[in-house]
Amino acid sequence: PVATTRCATSRSNVRESAIYVASGRGTFLSGANLEEALPIGPGDFIYVPEKVFHGFETKAEPCEFYSIQSPPIYPVGEPADITFSDGSH
């Protein structure tokens with residue numbers, strides 16, 4: 001069996017994200033309980049609205065992606081507004 005790796009899920013309360021998958025394959029997870037699963041691969045583009053929990057799972061190969069947030073995640077002088085599923089930020 002191939003091991004599955006899941007990254008920490010996150011949610012931003014005031015930022016939307018645009019994610020571009022550069023290489024590898026995996027599954028994009030979203031929704032309050034990560035109930036929505038979408039297979040992803042090179043060239044895929046994913047839009048994530050604000051306040052949506054999301055994360056990734058990979059199996060046999062690493063998945064490289066670029067994530068762009070608007071407005072930026074950590075503007076100078078402002079606290080982080082991202083919540084991770086383990087309670088950290």
# chains A, B, ... in the order shown; residues from 1 in each chain; ligands from 1
>>> residues_around(residues="Leu29 of chain A", least_positions_apart="3", cutoff="8 Å", atoms="only C-alpha atoms", output="PyMOL selection string")
chain A and resi 34-38+54-57
>>> closest_residue(among="A:Thr9, A:Ile40, A:Phe53, A:Ser70", to="Arg25 of chain A", atoms="only C-alpha atoms")
A:Ile40
>>> residues_around(residues="Ser23 of chain A", least_positions_apart="3", cutoff="6 Å", atoms="only C-alpha atoms", output="mmCIF file with all heavy atoms, in the first residue's frame")
data_model
loop_
_atom_site.group_PDB
_atom_site.id
_atom_site.type_symbol
_atom_site.label_atom_id
_atom_site.label_comp_id
_atom_site.auth_asym_id
_atom_site.auth_seq_id
_atom_site.Cartn_x
_atom_site.Cartn_y
_atom_site.Cartn_z
ATOM 1 N N PRO A 42 -0.753 18.479 -12.622
ATOM 2 C CA PRO A 42 -0.046 19.600 -13.241
ATOM 3 C C PRO A 42 -0.948 20.432 -14.150
ATOM 4 O O PRO A 42 -1.718 19.886 -14.941
ATOM 5 C CB PRO A 42 1.058 18.926 -14.050
ATOM 6 C CG PRO A 42 1.263 17.612 -13.378
ATOM 7 C CD PRO A 42 -0.094 17.205 -12.869
ATOM 8 N N CYS A 63 3.600 16.872 -4.416
ATOM 9 C CA CYS A 63 2.792 17.779 -5.224
ATOM 10 C C CYS A 63 3.294 19.197 -4.955
ATOM 11 O O CYS A 63 3.300 19.651 -3.817
ATOM 12 C CB CYS A 63 1.322 17.643 -4.836
ATOM 13 S SG CYS A 63 0.205 18.593 -5.863
ATOM 14 N N GLU A 64 3.746 19.868 -6.008
ATOM 15 C CA GLU A 64 4.250 21.232 -5.871
ATOM 16 C C GLU A 64 3.197 22.194 -6.407
ATOM 17 O O GLU A 64 2.675 22.007 -7.506
ATOM 18 C CB GLU A 64 5.551 21.394 -6.659
ATOM 19 C CG GLU A 64 6.135 22.778 -6.560
ATOM 20 C CD GLU A 64 7.413 22.912 -7.368
ATOM 21 O OE1 GLU A 64 7.522 22.321 -8.439
ATOM 22 O OE2 GLU A 64 8.298 23.639 -6.895
#
>>> closest_residue(among="A:Asn33, A:Thr4, A:Thr27, A:Asn13", to="Glu50 of chain A", atoms="only C-alpha atoms")
A:Asn13
>>> closest_residue(among="A:Pro71, A:Pro62, A:Pro49, A:Pro39", to="Ala22 of chain A", atoms="only C-alpha atoms")
A:Pro62
